[in-house]
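Here is start_22.cif, consisting of mmCIF, C-alpha atoms:
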data_start
loop_
_atom_site.group_PDB
_atom_site.id
_atom_site.type_symbol
_atom_site.label_atom_id
_atom_site.label_comp_id
_atom_site.auth_asym_id
_atom_site.auth_seq_id
_atom_site.Cartn_x
_atom_site.Cartn_y
_atom_site.Cartn_z
ATOM 1 C CA MET X 1 -5.314 26.033 30.544
ATOM 2 C CA LYS X 2 -7.556 24.842 27.716
ATOM 3 C CA LYS X 3 -4.921 26.078 25.288
ATOM 4 C CA ASN X 4 -2.297 23.835 26.918
ATOM 5 C CA TYR X 5 -4.567 20.787 26.594
ATOM 6 C CA LEU X 6 -5.208 21.630 22.974
ATOM 7 C CA VAL X 7 -1.508 22.027 22.204
ATOM 8 C CA LEU X 8 -0.737 18.718 23.963
ATOM 9 C CA LEU X 9 -3.390 17.017 21.886
ATOM 10 C CA ILE X 10 -1.948 18.534 18.705
ATOM 11 C CA ILE X 11 1.550 17.253 19.640
ATOM 12 C CA PHE X 12 0.179 13.740 20.162
ATOM 13 C CA PHE X 13 -1.779 13.938 16.931
ATOM 14 C CA LEU X 14 1.244 15.101 14.910
ATOM 15 C CA ASN X 15 3.483 12.441 16.418
ATOM 16 C CA SER X 16 0.981 9.686 15.772
ATOM 17 C CA CYS X 17 0.588 10.780 12.155
ATOM 18 C CA THR X 18 4.232 10.263 11.212
ATOM 19 C CA PRO X 19 5.109 7.810 8.395
ATOM 20 C CA MET X 20 5.002 4.148 9.388
ATOM 21 C CA PRO X 21 8.487 2.893 10.334
ATOM 22 C CA GLU X 22 7.241 -0.633 11.064
ATOM 23 C CA GLN X 23 5.937 -1.273 7.568
ATOM 24 C CA VAL X 24 7.740 -4.049 5.723
ATOM 25 C CA MET X 25 7.803 -4.316 1.932
ATOM 26 C CA PRO X 26 6.026 -7.249 0.266
ATOM 27 C CA PRO X 27 8.068 -9.954 -1.569
ATOM 28 C CA LEU X 28 9.875 -8.515 -4.583
ATOM 29 C CA GLN X 29 8.810 -9.358 -8.122
ATOM 30 C CA TYR X 30 11.383 -9.864 -10.856
ATOM 31 C CA ASN X 31 9.506 -10.304 -14.099
ATOM 32 C CA MET X 32 12.352 -9.999 -16.599
ATOM 33 C CA PRO X 33 13.715 -13.287 -18.015
ATOM 34 C CA ILE X 34 17.168 -14.175 -16.680
ATOM 35 C CA ASN X 35 17.917 -16.665 -19.516
ATOM 36 C CA LEU X 36 20.585 -18.518 -17.636
ATOM 37 C CA HIS X 37 20.877 -22.071 -16.413
ATOM 38 C CA LEU X 38 23.800 -23.591 -14.559
ATOM 39 C CA ASN X 39 23.805 -27.296 -13.888
ATOM 40 C CA LYS X 40 24.787 -26.789 -10.277
ATOM 41 C CA LYS X 41 23.450 -26.757 -6.784
ATOM 42 C CA ALA X 42 23.561 -23.288 -5.240
ATOM 43 C CA TYR X 43 23.445 -21.944 -1.730
ATOM 44 C CA LEU X 44 22.542 -18.418 -0.780
ATOM 45 C CA GLN X 45 24.060 -16.980 2.352
ATOM 46 C CA TRP X 46 22.832 -13.815 4.064
ATOM 47 C CA LYS X 47 25.253 -11.680 6.028
ATOM 48 C CA VAL X 48 24.323 -8.639 8.062
ATOM 49 C CA GLY X 49 26.637 -5.667 8.504
ATOM 50 C CA GLU X 50 26.186 -2.241 10.036
ATOM 51 C CA GLN X 51 22.772 -0.642 10.272
ATOM 52 C CA TYR X 52 22.163 3.082 10.640
ATOM 53 C CA SER X 53 18.612 4.085 11.408
ATOM 54 C CA SER X 54 16.736 7.333 11.715
ATOM 55 C CA THR X 55 14.193 8.329 14.325
ATOM 56 C CA VAL X 56 11.027 10.321 13.916
ATOM 57 C CA PRO X 57 11.553 13.916 15.073
ATOM 58 C CA VAL X 58 9.235 15.215 17.791
ATOM 59 C CA ALA X 59 6.739 17.781 16.539
ATOM 60 C CA LEU X 60 6.868 20.875 18.750
ATOM 61 C CA SER X 61 4.208 23.521 19.166
ATOM 62 C CA GLY X 62 6.224 26.459 20.499
ATOM 63 C CA ASN X 63 4.276 26.454 23.749
ATOM 64 C CA PRO X 64 6.987 25.836 26.405
ATOM 65 C CA ILE X 65 4.794 24.073 29.002
ATOM 66 C CA ALA X 66 3.041 21.796 26.526
ATOM 67 C CA ASP X 67 6.307 21.090 24.673
ATOM 68 C CA THR X 68 8.145 20.090 27.864
ATOM 69 C CA ILE X 69 5.346 17.724 28.873
ATOM 70 C CA GLY X 70 4.895 16.409 25.336
ATOM 71 C CA VAL X 71 8.616 15.773 24.815
ATOM 72 C CA ALA X 72 8.892 13.976 28.184
ATOM 73 C CA ILE X 73 6.000 11.655 27.324
ATOM 74 C CA ILE X 74 7.214 11.017 23.783
ATOM 75 C CA ASN X 75 10.790 10.334 24.943
ATOM 76 C CA ARG X 76 9.355 7.746 27.307
ATOM 77 C CA GLU X 77 7.515 6.176 24.370
ATOM 78 C CA TYR X 78 10.713 6.194 22.255
ATOM 79 C CA LYS X 79 12.482 4.189 24.948
ATOM 80 C CA ARG X 80 9.649 1.712 25.451
ATOM 81 C CA ASN X 81 8.778 1.106 21.823
ATOM 82 C CA PRO X 82 11.745 2.092 19.637
ATOM 83 C CA GLY X 83 10.347 0.139 16.666
ATOM 84 C CA ARG X 84 7.456 2.582 16.345
ATOM 85 C CA PHE X 85 9.794 5.527 15.841
ATOM 86 C CA THR X 86 12.845 4.045 14.162
ATOM 87 C CA PHE X 87 13.209 3.833 10.416
ATOM 88 C CA THR X 88 15.640 1.128 9.465
ATOM 89 C CA TYR X 89 16.421 -1.314 6.671
ATOM 90 C CA GLY X 90 16.958 -4.139 9.111
ATOM 91 C CA LYS X 91 16.387 -7.837 9.553
ATOM 92 C CA PRO X 92 12.767 -7.970 8.291
ATOM 93 C CA GLN X 93 13.570 -6.138 5.050
ATOM 94 C CA GLN X 94 16.756 -8.139 4.475
ATOM 95 C CA ALA X 95 14.909 -11.413 5.084
ATOM 96 C CA VAL X 96 12.283 -10.390 2.509
ATOM 97 C CA PHE X 97 15.097 -9.524 0.092
ATOM 98 C CA MET X 98 16.915 -12.843 0.536
ATOM 99 C CA THR X 99 13.786 -14.984 0.170
ATOM 100 C CA SER X 100 12.712 -12.964 -2.876
ATOM 101 C CA LEU X 101 16.129 -13.433 -4.494
ATOM 102 C CA LYS X 102 16.008 -17.169 -3.778
ATOM 103 C CA ASN X 103 12.461 -17.480 -5.167
ATOM 104 C CA THR X 104 13.399 -15.555 -8.323
ATOM 105 C CA LEU X 105 16.457 -17.732 -9.013
ATOM 106 C CA GLU X 106 14.357 -20.834 -8.286
ATOM 107 C CA GLN X 107 11.408 -19.823 -10.467
ATOM 108 C CA GLN X 108 13.692 -18.976 -13.382
ATOM 109 C CA HIS X 109 15.651 -22.254 -12.963
ATOM 110 C CA VAL X 110 19.018 -20.510 -12.832
ATOM 111 C CA PHE X 111 20.437 -23.427 -10.810
ATOM 112 C CA ASN X 112 19.308 -27.027 -10.351
ATOM 113 C CA THR X 113 18.407 -26.242 -6.763
ATOM 114 C CA ILE X 114 18.907 -23.247 -4.528
ATOM 115 C CA GLU X 115 18.738 -23.064 -0.785
ATOM 116 C CA ILE X 116 19.249 -20.318 1.781
ATOM 117 C CA ILE X 117 21.782 -21.164 4.462
ATOM 118 C CA THR X 118 23.080 -19.386 7.528
ATOM 119 C CA HIS X 119 26.409 -21.223 7.653
ATOM 120 C CA PRO X 120 28.335 -22.694 4.694
ATOM 121 C CA HIS X 121 29.271 -26.016 6.335
ATOM 122 C CA GLN X 122 27.307 -28.363 4.050
ATOM 123 C CA ILE X 123 28.775 -27.183 0.748
ATOM 124 C CA ASN X 124 30.523 -29.573 -1.653
ATOM 125 C CA SER X 125 33.347 -28.439 -3.906
ATOM 126 C CA ASP X 126 31.131 -28.419 -7.002
ATOM 127 C CA ASP X 127 28.369 -26.402 -5.336
ATOM 128 C CA VAL X 128 28.081 -22.647 -5.677
ATOM 129 C CA LEU X 129 27.962 -20.372 -2.664
ATOM 130 C CA ILE X 130 26.432 -16.956 -3.288
ATOM 131 C CA THR X 131 26.964 -14.596 -0.382
ATOM 132 C CA VAL X 132 25.027 -11.362 -0.083
ATOM 133 C CA GLU X 133 26.387 -9.153 2.644
ATOM 134 C CA PHE X 134 24.545 -5.990 3.597
ATOM 135 C CA LYS X 135 27.755 -4.214 4.562
ATOM 136 C CA MET X 136 25.959 -1.016 5.449
ATOM 137 C CA THR X 137 22.310 -0.008 5.404
ATOM 138 C CA ARG X 138 21.401 3.588 6.168
ATOM 139 C CA VAL X 139 18.149 5.483 6.460
ATOM 140 C CA SER X 140 18.483 9.264 6.150
ATOM 141 C CA SER X 141 16.765 11.775 8.411
ATOM 142 C CA ALA X 142 13.214 13.087 8.111
ATOM 143 C CA ASP X 143 14.612 16.132 6.239
ATOM 144 C CA GLU X 144 15.775 13.767 3.510
ATOM 145 C CA LYS X 145 12.450 11.901 3.637
ATOM 146 C CA TYR X 146 14.000 8.754 5.087
ATOM 147 C CA LYS X 147 15.924 7.922 1.938
ATOM 148 C CA ILE X 148 17.398 4.405 2.109
ATOM 149 C CA ILE X 149 20.993 3.704 1.084
ATOM 150 C CA LEU X 150 22.311 0.150 0.766
ATOM 151 C CA ASP X 151 25.922 -0.882 0.416
ATOM 152 C CA ALA X 152 25.948 -4.588 -0.354
ATOM 153 C CA GLU X 153 28.589 -7.072 -1.448
ATOM 154 C CA LEU X 154 28.043 -10.048 -3.709
ATOM 155 C CA ALA X 155 30.587 -12.848 -3.475
ATOM 156 C CA ILE X 156 30.430 -16.074 -5.476
ATOM 157 C CA ILE X 157 32.532 -18.935 -4.210
ATOM 158 C CA GLN X 158 33.064 -22.326 -5.802
ATOM 159 C CA GLY X 159 35.474 -25.059 -4.745
ATOM 160 C CA GLY X 160 36.565 -22.909 -1.827
ATOM 161 C CA LYS X 161 37.765 -20.155 -4.169
ATOM 162 C CA LEU X 162 36.345 -16.680 -4.535
ATOM 163 C CA GLN X 163 35.368 -16.458 -8.207
ATOM 164 C CA PHE X 164 33.397 -13.235 -8.350
ATOM 165 C CA ASN X 165 33.145 -10.231 -6.074
ATOM 166 C CA ARG X 166 31.290 -6.936 -6.502
ATOM 167 C CA THR X 167 30.090 -4.158 -4.234
ATOM 168 C CA TYR X 168 26.873 -2.328 -5.053
ATOM 169 C CA LEU X 169 25.661 1.003 -3.728
ATOM 170 C CA VAL X 170 21.994 1.779 -4.320
ATOM 171 C CA GLU X 171 19.651 4.405 -2.941
ATOM 172 C CA SER X 172 15.911 4.889 -2.945
ATOM 173 C CA ASN X 173 14.003 7.752 -4.466
ATOM 174 C CA PRO X 174 12.223 9.511 -1.589
ATOM 175 C CA GLY X 175 10.125 11.717 -3.885
ATOM 176 C CA ARG X 176 10.097 15.490 -4.230
ATOM 177 C CA PHE X 177 8.350 18.257 -2.291
ATOM 178 C CA PHE X 178 4.765 17.151 -1.702
ATOM 179 C CA SER X 179 4.976 13.826 -3.532
ATOM 180 C CA THR X 180 6.715 11.919 -0.749
ATOM 181 C CA ILE X 181 7.114 8.199 -1.424
ATOM 182 C CA SER X 182 6.140 5.986 1.519
ATOM 183 C CA PHE X 183 8.868 4.208 3.467
ATOM 184 C CA LYS X 184 7.474 0.856 2.382
ATOM 185 C CA ASN X 185 7.648 1.833 -1.299
ATOM 186 C CA GLN X 186 11.183 3.139 -0.796
ATOM 187 C CA GLN X 187 12.140 -0.271 0.623
ATOM 188 C CA THR X 188 10.724 -1.952 -2.486
ATOM 189 C CA ASP X 189 12.436 0.552 -4.797
ATOM 190 C CA VAL X 190 15.911 0.193 -3.302
ATOM 191 C CA SER X 191 15.594 -3.601 -2.943
ATOM 192 C CA GLN X 192 14.565 -4.018 -6.561
ATOM 193 C CA GLN X 193 17.566 -1.990 -7.681
ATOM 194 C CA LEU X 194 19.840 -4.224 -5.602
ATOM 195 C CA MET X 195 18.192 -7.394 -6.875
ATOM 196 C CA GLN X 196 18.740 -6.293 -10.493
ATOM 197 C CA ARG X 197 22.420 -5.594 -9.776
ATOM 198 C CA ILE X 198 22.917 -8.941 -8.042
ATOM 199 C CA ILE X 199 21.224 -10.893 -10.843
ATOM 200 C CA PHE X 200 23.372 -9.009 -13.341
ATOM 201 C CA GLY X 201 26.418 -9.949 -11.237
ATOM 202 C CA ILE X 202 25.446 -13.631 -11.334
ATOM 203 C CA LYS X 203 25.118 -13.360 -15.132
ATOM 204 C CA GLN X 204 28.555 -11.731 -15.395
ATOM 205 C CA TRP X 205 30.071 -14.516 -13.312
ATOM 206 C CA SER X 206 28.408 -17.197 -15.476
ATOM 207 C CA TYR X 207 29.860 -15.593 -18.660
ATOM 208 C CA GLN X 208 33.284 -15.549 -17.008
ATOM 209 C CA ILE X 209 33.188 -19.260 -16.151
ATOM 210 C CA LYS X 210 31.910 -20.171 -19.637
ATOM 211 C CA GLN X 211 34.825 -18.298 -21.254
ATOM 212 C CA ARG X 212 37.430 -20.153 -19.173
ATOM 213 C CA MET J 1 -3.575 23.409 37.614
ATOM 214 C CA LYS J 2 -4.950 20.281 39.272
ATOM 215 C CA ASN J 3 -6.455 19.175 35.970
ATOM 216 C CA ILE J 4 -3.211 19.471 34.081
ATOM 217 C CA PHE J 5 -1.437 17.227 36.600
ATOM 218 C CA ILE J 6 -4.222 14.656 36.245
ATOM 219 C CA CYS J 7 -3.824 14.857 32.477
ATOM 220 C CA ILE J 8 -0.042 14.345 32.687
ATOM 221 C CA GLY J 9 -0.521 11.475 35.135
ATOM 222 C CA ILE J 10 -2.976 9.702 32.828
ATOM 223 C CA ALA J 11 -0.667 10.172 29.831
ATOM 224 C CA PHE J 12 2.303 8.712 31.756
ATOM 225 C CA VAL J 13 0.256 5.757 32.966
ATOM 226 C CA LEU J 14 -1.055 5.083 29.463
ATOM 227 C CA THR J 15 2.377 5.181 27.843
ATOM 228 C CA ALA J 16 3.866 3.084 30.655
ATOM 229 C CA CYS J 17 1.316 0.327 30.094
ATOM 230 C CA VAL J 18 1.922 -0.154 26.390
ATOM 231 C CA THR J 19 5.130 -1.928 25.420
ATOM 232 C CA ASP J 20 5.251 -3.710 22.092
ATOM 233 C CA LYS J 21 6.415 -7.310 21.933
ATOM 234 C CA THR J 22 9.538 -8.103 19.934
ATOM 235 C CA TYR J 23 10.564 -11.331 18.255
ATOM 236 C CA HIS J 24 14.274 -11.776 17.541
ATOM 237 C CA GLY J 25 14.754 -8.019 17.744
ATOM 238 C CA VAL J 26 11.869 -7.317 15.361
ATOM 239 C CA SER J 27 8.758 -5.501 16.582
ATOM 240 C CA GLU J 28 5.555 -7.528 16.621
ATOM 241 C CA LYS J 29 3.967 -5.343 13.965
ATOM 242 C CA SER J 30 6.885 -5.904 11.547
ATOM 243 C CA TRP J 31 7.167 -9.593 12.463
ATOM 244 C CA ASN J 32 3.510 -10.221 11.612
ATOM 245 C CA GLN J 33 4.060 -8.870 8.109
ATOM 246 C CA LEU J 34 6.646 -11.567 7.345
ATOM 247 C CA THR J 35 5.921 -14.983 5.881
ATOM 248 C CA ALA J 36 6.779 -18.152 7.822
ATOM 249 C CA GLU J 37 9.841 -18.635 5.562
ATOM 250 C CA GLN J 38 11.142 -15.137 6.307
ATOM 251 C CA GLN J 39 10.537 -15.536 10.036
ATOM 252 C CA GLN J 40 12.349 -18.890 9.997
ATOM 253 C CA LEU J 41 15.296 -17.317 8.184
ATOM 254 C CA ILE J 42 15.646 -14.670 10.911
ATOM 255 C CA ILE J 43 15.409 -17.345 13.620
ATOM 256 C CA ASP J 44 18.052 -19.531 11.906
ATOM 257 C CA ARG J 45 20.354 -16.591 11.410
ATOM 258 C CA ASP J 46 20.098 -15.494 15.038
ATOM 259 C CA LEU J 47 20.701 -19.052 16.183
ATOM 260 C CA GLN J 48 23.796 -19.320 14.006
ATOM 261 C CA GLN J 49 25.053 -15.972 15.255
ATOM 262 C CA SER J 50 24.663 -16.999 18.894
ATOM 263 C CA LYS J 51 26.527 -20.271 18.157
ATOM 264 C CA THR J 52 29.358 -18.315 16.545
ATOM 265 C CA LYS J 53 29.580 -15.993 19.566
ATOM 266 C CA ASN J 54 29.740 -18.941 21.957
#
Could you spell out this file's structure in structure tokens?
Amino acid sequence: MKKNYLVLLIIFFLNSCTPMPEQVMPPLQYNMPINLHLNKKAYLQWKVGEQYSSTVPVALSGNPIADTIGVAIINREYKRNPGRFTFTYGKPQQAVFMTSLKNTLEQQHVFNTIEIITHPHQINSDDVLITVEFKMTRVSSADEKYKIILDAELAIIQGGKLQFNRTYLVESNPGRFFSTISFKNQQTDVSQQLMQRIIFGIKQWSYQIKQR
Amino acid sequence: MKNIFICIGIAFVLTACVTDKTYHGVSEKSWNQLTAEQQQLIIDRDLQQSKTKN
């Protein structure tokens, strides 16, 4: 009987010691100079696509009675509080990404002004609309250390015409063997890669319009 | 045997009592880590999405 209690306790302990799915990365830092200024007003639009998440696996002890009870209780917890057990690159991370991108472009004076919008209704023909669509975000299973994969599309529209369009696929480094990188640090890693690609895309577009 | 049922009962009651709050589909713990600007962005986006659906 005591053994069953002990095993139940161990199951709870193991399941409460899993990596933190609810951690959100801090704002991203982009310290490299962009060296670009466009005498235009820009708008940044955020679009959300498909999200694939991964759940924390239940740690089992091998003791059938304790495992049955433990799994039943944990399944109940999964249903009540999915956020505690679900690893995802969702709305909070994407909101941090979008505000960080806006702040970087603002701090480096890439445009006269830049504003985040949720609908492009207030845009004039001379303004620039930069759309970042997270077409697909995926978090791999625990076996793959919750590696994050982002498939995002950058579209730059001016005067109602699509002027630049690129799709970027980036993935985080989950670490190797015993040097697992935390989920929060993986969020930062993959987001910084995407931010670099998007800023490079904006530079490419600016060179294109200057050559015309 | 009686003790184990008491133990299971307590565990069920405890887990049943704790349900995290969510704000715009984001758990309270994640929501509290966001700045006011990031929270506002999520609110605006959800509002726009509900307008589009209607």
Neighbouring residues of Val110 of chain X were defined as those with any atom within 6 Å, considering all atoms listed in the file; residues of the same chain fewer than 6 positions away were excluded. Please report them as a ChimeraX atom specification. /X:36-38
Using the chain letters and numbers from this file, what does the PyMOL selection byres ((chain X and resi 49) around 12) select? Give the answer as a list in words. Trp46, Lys47, Val48, Glu50, Gln51, Tyr52, Tyr89, Gly90, Lys91, Gln94, Val132, Glu133, Phe134, Lys135, Met136, Thr137, Arg138, Leu150, Asp151, Ala152 and Glu153 of chain X
Using only C-alpha atoms, find the residues of chain J whose closest atom to chain X is at most 7 Å away, then write them as a list in words. Phe12, Thr15, Thr19, Asp20, Ser27, Lys29, Ser30, Gln33, Gln38, Leu41, Ile42, Asp44, Arg45 and Gln48 of chain J
State, in Å with one decimal place, the distance from atom CA of Thr88 of chain X to atom CA of Val139 of chain X. 5.9 Å
Show which residues sit within 7 Å of Pro174 of chain X, as a compact mmCIF listing (two decimals) with C-alpha atoms, in the coordinates of the input. Count all atoms listed in the file, and ignore same-chain residues fewer than 5 positions away.
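Full text of out.txt as output:
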# COMPACT_ATOMS: atom_id res chain seq x y z
CA LYS X 145 12.45 11.90 3.64
CA TYR X 146 14.00 8.75 5.09
CA LYS X 147 15.92 7.92 1.94
CA THR X 180 6.72 11.92 -0.75
CA ILE X 181 7.11 8.20 -1.42
CA GLN X 186 11.18 3.14 -0.80
Atom CA of Pro120 of chain X and atom CA of Arg166 of chain X, how far apart in Å?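 Result for atom CA of Arg166 of chain X versus atom CA of Pro120 of chain X: 19.6 Å, one decimal.
Relative to atom CA of Phe164 of chain X, atom CA of Ser206 of chain X is found at 9.6 Å.
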Considering all atoms listed in the file, state which residue in the set X:Asp189, X:Tyr78, X:Ala59, X:Leu169 is at the smallest distance from Val18 of chain J.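 Among the listed residues, X:Tyr78 lies closest to Val18 of chain J.
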Could you name the residues that touch Asn32 of chain J at 10 Å or less, counting only C-alpha atoms, but leaving out those on the same chain fewer than 6 positions away, as a list in words? Val24 of chain X; Tyr23, Val26 and Gln39 of chain J
N, CA and C atoms for segment 37-49 of chain X, written as a PDB file, in the coordinates of the input, could you do that?
ATOM      1  N   HIS X  37      21.010 -20.861 -17.222  1.00  0.00           N
ATOM      2  CA  HIS X  37      20.877 -22.071 -16.413  1.00  0.00           C
ATOM      3  C   HIS X  37      22.248 -22.676 -16.178  1.00  0.00           C
ATOM      4  N   LEU X  38      22.533 -22.961 -14.934  1.00  0.00           N
ATOM      5  CA  LEU X  38      23.800 -23.591 -14.559  1.00  0.00           C
ATOM      6  C   LEU X  38      23.472 -24.913 -13.886  1.00  0.00           C
ATOM      7  N   ASN X  39      24.097 -25.949 -14.379  1.00  0.00           N
ATOM      8  CA  ASN X  39      23.805 -27.296 -13.888  1.00  0.00           C
ATOM      9  C   ASN X  39      24.503 -27.534 -12.539  1.00  0.00           C
ATOM     10  N   LYS X  40      24.125 -26.729 -11.584  1.00  0.00           N
ATOM     11  CA  LYS X  40      24.787 -26.789 -10.277  1.00  0.00           C
ATOM     12  C   LYS X  40      23.788 -26.572  -9.151  1.00  0.00           C
ATOM     13  N   LYS X  41      24.233 -26.991  -7.986  1.00  0.00           N
ATOM     14  CA  LYS X  41      23.450 -26.757  -6.784  1.00  0.00           C
ATOM     15  C   LYS X  41      23.989 -25.462  -6.155  1.00  0.00           C
ATOM     16  N   ALA X  42      23.094 -24.576  -5.786  1.00  0.00           N
ATOM     17  CA  ALA X  42      23.561 -23.288  -5.240  1.00  0.00           C
ATOM     18  C   ALA X  42      23.031 -23.058  -3.831  1.00  0.00           C
ATOM     19  N   TYR X  43      23.839 -22.336  -3.083  1.00  0.00           N
ATOM     20  CA  TYR X  43      23.445 -21.944  -1.730  1.00  0.00           C
ATOM     21  C   TYR X  43      23.545 -20.431  -1.633  1.00  0.00           C
ATOM     22  N   LEU X  44      22.593 -19.871  -0.939  1.00  0.00           N
ATOM     23  CA  LEU X  44      22.542 -18.418  -0.780  1.00  0.00           C
ATOM     24  C   LEU X  44      22.760 -18.112   0.695  1.00  0.00           C
ATOM     25  N   GLN X  45      23.790 -17.310   0.952  1.00  0.00           N
ATOM     26  CA  GLN X  45      24.060 -16.980   2.352  1.00  0.00           C
ATOM     27  C   GLN X  45      23.834 -15.490   2.596  1.00  0.00           C
ATOM     28  N   TRP X  46      23.170 -15.195   3.685  1.00  0.00           N
ATOM     29  CA  TRP X  46      22.832 -13.815   4.064  1.00  0.00           C
ATOM     30  C   TRP X  46      23.747 -13.364   5.200  1.00  0.00           C
ATOM     31  N   LYS X  47      24.407 -12.242   4.977  1.00  0.00           N
ATOM     32  CA  LYS X  47      25.253 -11.680   6.028  1.00  0.00           C
ATOM     33  C   LYS X  47      24.783 -10.262   6.352  1.00  0.00           C
ATOM     34  N   VAL X  48      24.792  -9.956   7.615  1.00  0.00           N
ATOM     35  CA  VAL X  48      24.323  -8.639   8.062  1.00  0.00           C
ATOM     36  C   VAL X  48      25.521  -7.819   8.527  1.00  0.00           C
ATOM     37  N   GLY X  49      25.552  -6.567   8.093  1.00  0.00           N
ATOM     38  CA  GLY X  49      26.637  -5.667   8.504  1.00  0.00           C
ATOM     39  C   GLY X  49      26.114  -4.572   9.415  1.00  0.00           C
TER      40      GLY X  49
END
